[in-house]
Amino acid sequence: MTNHRIALIPGDGIGTEVLPPAQQVLDTVGRRHGFTFSCTSYDDWSCERYLREGAMMPADGLDQLRDKDAVLLGAVGRPDVPDHVSLWGLLIPIRRGFRQYVNLRPVRVFEGIDSPVRGATAGEVDFVVVRENVEGEYSEIGGRLHRGFPEEAAVQESVFTRAGVTRVLDYAFGLAASRGGRLTSATKSNGIVHTLPFWDELVAERGAAHPGVVWDQEHIDALAAKFVLEPARFDVVVGSNLFGDILSDLAAAVAGSIGIAPAANLNPEREFPSMFEPVHGSAPDIAGRGIANPLGAIWSAALMLDHLGHPAAARDVTDAIAAVLAKTDVRTPDLGGTATTAEFTEALLELL
Ligand code: NAD
Ligand code: IPM
Ligand code: MN
């Protein structure tokens, strides 16, 4: 029987509340489809560990993950630890150290979801944000100058490399070719002089190499408005690290709640494990109450199943998500209900 080695990193806040439901779902579909998981749980890779030992994970953390088939992560971040410490100490080193340069973030309005956007209906809104995940605006180049003086300043360089942009564009064009054949590139070449005109040139170049895909580009400000005004027109949307980050939370809200949105941090060449995690963070405002929406983590687990070569099992999971929303009125508070995480998970498992 196929066995997959999975690293579980619950992290902080609701990260620790949404991973167990995802595990329950994985075990259930694994039994049905005839494969198993050996999970190693890294429970203390978290802000608590940072406060105790000064590091979010051990110095050889990446080496401990290297032989795994995939990583499933909850979320990291806590109000008493600066975010740049928690994120640059755990999440971002994994994305970069394992060359997870594609961040795939599907968006779907499910039947039974009340989108805040008028006209955003099930079956019509179904697209994917492909976010560049290891360079762009998230760069280590820059610094804080003249701390404590009136001329104090902060500088950060954006880094867009030909190789880095080309590979994520090729992934996005390839994905578009396998879906609806349409791609939209997020840009801001009207206001940014160096990086995004270069991005646009590379989009045109890769577009010419993928003649089967019809592509266009939108400035990020106008694109944000179109996500709200006409979300049904998108198929694949590709953007830089920061643009993709912002667009994916916006898209999640259009689809009803950030609590549903999943993400796959992919190393398409499979040199290293890929990492699957909900789009949302550790939500300190609701953590510890047992009311977090587990669907983002569960859908992320489905993306992991796809990546591991189990598309039928992945479809069972997304079908169960669709069914619990369409056929029941069990919902967590972010979706207007009163169910707990455990009750919502139970309702979903019954339909799986
Ligand atoms: P957040 O996603 O944690 O929360 C934003 C809002 O959405 C909150 O009101 C929260 O209650 C709600 N929300 C999020 N997920 C939900 C769910 N599953 N069910 C119901 N409601 C949900 O974003 P934030 O407030 O900007 O960040 C909080 C912390 O999380 C920060 O420390 C941040 O750096 C961190 N963060 C981590 C990750 C990650 O680990 N991948 C991602 C984003 C933010
Ligand atoms: C996400 C998060 C992270 C990001 C933060 C927490 C560093 O917002 O995964 O979307 O910006 O990549
Ligand atoms: Mn984000």
# chains A, B, ... in the order shown; residues from 1 in each chain; ligands from 1
>>> residues_near_ligand(ligand="ligand 2", cutoff="6 Å", atoms="only C-alpha atoms and all ligand atoms", output="PyMOL selection string")
chain A and resi 87+245+279
>>> residues_around(residues="Phe243 in chain A", least_positions_apart="4", cutoff="8 Å", atoms="only C-alpha atoms", output="VMD selection string")
chain A and resid 131 186 220 239 247
>>> write_last_selection(atoms="N, CA and C atoms", output="PDB file, in the first residue's frame")
ATOM      1  N   ARG A 131       0.555  32.871  -7.604  1.00  0.00           N
ATOM      2  CA  ARG A 131       1.373  33.905  -6.987  1.00  0.00           C
ATOM      3  C   ARG A 131       2.847  33.519  -7.045  1.00  0.00           C
ATOM      4  N   ALA A 186      -1.325  40.428 -13.421  1.00  0.00           N
ATOM      5  CA  ALA A 186      -1.455  41.623 -12.573  1.00  0.00           C
ATOM      6  C   ALA A 186      -0.185  42.465 -12.727  1.00  0.00           C
ATOM      7  N   ILE A 220      -2.908  46.556 -11.197  1.00  0.00           N
ATOM      8  CA  ILE A 220      -3.376  45.928  -9.962  1.00  0.00           C
ATOM      9  C   ILE A 220      -4.543  46.687  -9.316  1.00  0.00           C
ATOM     10  N   GLY A 239       0.374  36.811 -10.609  1.00  0.00           N
ATOM     11  CA  GLY A 239       0.861  38.063 -10.036  1.00  0.00           C
ATOM     12  C   GLY A 239       2.143  37.866  -9.258  1.00  0.00           C
ATOM     13  N   LEU A 247      -4.295  39.914  -3.715  1.00  0.00           N
ATOM     14  CA  LEU A 247      -5.411  39.426  -4.537  1.00  0.00           C
ATOM     15  C   LEU A 247      -6.029  38.159  -3.951  1.00  0.00           C
TER      16      LEU A 247
END
>>> closest_residue(among="A:Gly288, A:Gly244, A:Pro333, A:Pro294", to="ligand 3", atoms="only C-alpha atoms and all ligand atoms")
A:Gly244
>>> residues_near_ligand(ligand="ligand 3", cutoff="8 Å", atoms="only C-alpha atoms and all ligand atoms", output="list of chain:residue names")
A:Asp245, A:Ile246, A:Ser248, A:Asp249, A:Val279, A:His280, A:Gly281
>>> residues_around(residues="Arg108 in chain A", least_positions_apart="4", cutoff="8 Å", atoms="only C-alpha atoms", output="PyMOL selection string")
chain A and resi 122-123+125-127+255
>>> select_by_dssp(residues="range 46-180 of chain A", states="helix (DSSP H, G or I)", output="PyMOL selection string")
chain A and resi 47-53+61-65+83-97+162-178
>>> write_last_selection(atoms="N, CA and C atoms", output="compact mmCIF listing (two decimals), in the first residue's frame")
# COMPACT_ATOMS: atom_id res chain seq x y z
N CYS A 47 5.57 30.19 17.77
CA CYS A 47 5.99 31.38 18.51
C CYS A 47 6.33 31.02 19.96
N GLU A 48 5.64 30.01 20.49
CA GLU A 48 5.94 29.60 21.87
C GLU A 48 7.40 29.15 21.97
N ARG A 49 7.81 28.39 20.99
CA ARG A 49 9.20 27.93 20.98
C ARG A 49 10.15 29.13 20.84
N TYR A 50 9.75 30.08 20.00
CA TYR A 50 10.60 31.27 19.83
C TYR A 50 10.77 32.00 21.17
N LEU A 51 9.67 32.14 21.91
CA LEU A 51 9.75 32.86 23.18
C LEU A 51 10.61 32.09 24.18
N ARG A 52 10.59 30.76 24.08
CA ARG A 52 11.35 29.91 25.00
C ARG A 52 12.82 29.81 24.59
N GLU A 53 13.05 29.60 23.28
CA GLU A 53 14.40 29.24 22.84
C GLU A 53 15.01 30.21 21.86
N GLY A 61 16.04 22.59 10.90
CA GLY A 61 14.61 22.38 10.60
C GLY A 61 14.36 21.92 9.17
N LEU A 62 14.95 22.61 8.20
CA LEU A 62 14.69 22.24 6.81
C LEU A 62 15.18 20.82 6.52
N ASP A 63 16.29 20.43 7.15
CA ASP A 63 16.80 19.07 6.93
C ASP A 63 15.83 18.03 7.47
N GLN A 64 15.14 18.38 8.56
CA GLN A 64 14.15 17.43 9.11
C GLN A 64 12.97 17.24 8.16
N LEU A 65 12.70 18.26 7.34
CA LEU A 65 11.54 18.17 6.43
C LEU A 65 11.91 17.59 5.07
N ASP A 83 5.77 39.94 13.68
CA ASP A 83 5.48 39.07 12.54
C ASP A 83 6.71 38.78 11.70
N HIS A 84 7.61 39.77 11.55
CA HIS A 84 8.77 39.47 10.71
C HIS A 84 9.64 38.39 11.35
N VAL A 85 9.56 38.25 12.67
CA VAL A 85 10.31 37.19 13.36
C VAL A 85 9.65 35.83 13.10
N SER A 86 8.33 35.75 13.30
CA SER A 86 7.68 34.44 13.16
C SER A 86 7.69 33.97 11.70
N LEU A 87 7.53 34.91 10.79
CA LEU A 87 7.38 34.49 9.39
C LEU A 87 8.72 34.24 8.73
N TRP A 88 9.70 35.13 9.01
CA TRP A 88 11.02 34.90 8.42
C TRP A 88 11.77 33.82 9.18
N GLY A 89 11.20 33.35 10.31
CA GLY A 89 11.85 32.28 11.07
C GLY A 89 11.30 30.90 10.75
N LEU A 90 10.21 30.83 9.97
CA LEU A 90 9.62 29.51 9.72
C LEU A 90 9.01 29.41 8.32
N LEU A 91 7.96 30.18 8.10
CA LEU A 91 7.21 30.02 6.85
C LEU A 91 8.05 30.35 5.62
N ILE A 92 8.69 31.50 5.65
CA ILE A 92 9.38 31.96 4.45
C ILE A 92 10.65 31.15 4.17
N PRO A 93 11.40 30.73 5.20
CA PRO A 93 12.53 29.84 4.91
C PRO A 93 12.10 28.52 4.25
N ILE A 94 10.93 28.00 4.61
CA ILE A 94 10.48 26.76 3.97
C ILE A 94 10.15 27.03 2.50
N ARG A 95 9.38 28.10 2.26
CA ARG A 95 9.03 28.42 0.87
C ARG A 95 10.29 28.58 0.02
N ARG A 96 11.28 29.31 0.57
CA ARG A 96 12.48 29.61 -0.23
C ARG A 96 13.45 28.46 -0.28
N GLY A 97 13.65 27.84 0.91
CA GLY A 97 14.64 26.76 0.98
C GLY A 97 14.25 25.58 0.11
N ARG A 162 14.82 37.18 -14.42
CA ARG A 162 14.27 36.57 -15.65
C ARG A 162 13.88 35.11 -15.39
N ALA A 163 14.79 34.39 -14.72
CA ALA A 163 14.51 32.96 -14.47
C ALA A 163 13.33 32.80 -13.52
N GLY A 164 13.28 33.63 -12.48
CA GLY A 164 12.24 33.49 -11.47
C GLY A 164 10.86 33.84 -12.00
N VAL A 165 10.80 34.89 -12.82
CA VAL A 165 9.50 35.29 -13.37
C VAL A 165 9.08 34.30 -14.46
N THR A 166 10.04 33.92 -15.30
CA THR A 166 9.71 33.02 -16.42
C THR A 166 9.12 31.70 -15.91
N ARG A 167 9.72 31.13 -14.86
CA ARG A 167 9.26 29.80 -14.43
C ARG A 167 7.84 29.87 -13.86
N VAL A 168 7.53 30.93 -13.14
CA VAL A 168 6.16 30.99 -12.58
C VAL A 168 5.16 31.32 -13.70
N LEU A 169 5.59 32.13 -14.67
CA LEU A 169 4.70 32.41 -15.80
C LEU A 169 4.43 31.14 -16.61
N ASP A 170 5.48 30.36 -16.83
CA ASP A 170 5.28 29.12 -17.59
C ASP A 170 4.32 28.19 -16.85
N TYR A 171 4.44 28.16 -15.53
CA TYR A 171 3.50 27.34 -14.75
C TYR A 171 2.08 27.86 -14.95
N ALA A 172 1.93 29.18 -14.85
CA ALA A 172 0.59 29.78 -14.95
C ALA A 172 -0.01 29.60 -16.35
N PHE A 173 0.79 29.81 -17.39
CA PHE A 173 0.28 29.60 -18.75
C PHE A 173 -0.09 28.13 -18.97
N GLY A 174 0.74 27.23 -18.43
CA GLY A 174 0.45 25.81 -18.55
C GLY A 174 -0.86 25.45 -17.85
N LEU A 175 -1.05 26.03 -16.68
CA LEU A 175 -2.30 25.78 -15.95
C LEU A 175 -3.50 26.33 -16.72
N ALA A 176 -3.34 27.53 -17.28
CA ALA A 176 -4.43 28.13 -18.07
C ALA A 176 -4.77 27.22 -19.25
N ALA A 177 -3.73 26.67 -19.90
CA ALA A 177 -3.97 25.79 -21.05
C ALA A 177 -4.78 24.57 -20.65
N SER A 178 -4.60 24.11 -19.38
CA SER A 178 -5.31 22.91 -18.93
C SER A 178 -6.69 23.25 -18.37
>>> residues_around(residues="Arg144 in chain A", least_positions_apart="3", cutoff="9 Å", atoms="only C-alpha atoms", output="ChimeraX atom specification")
/A:147,152-156
>>> select_by_dssp(residues="range 48-223 of chain A", states="strand (DSSP E or B)", output="count of residues only")
42
>>> closest_residue(among="A:Thr40, A:Thr338, A:Thr345, A:Asn293", to="ligand 1", atoms="only C-alpha atoms and all ligand atoms")
A:Asn293
>>> closest_residue(among="A:Asp44, A:Asp306, A:Glu17, A:Glu350", to="Ala70 in chain A", atoms="only C-alpha atoms")
A:Asp306
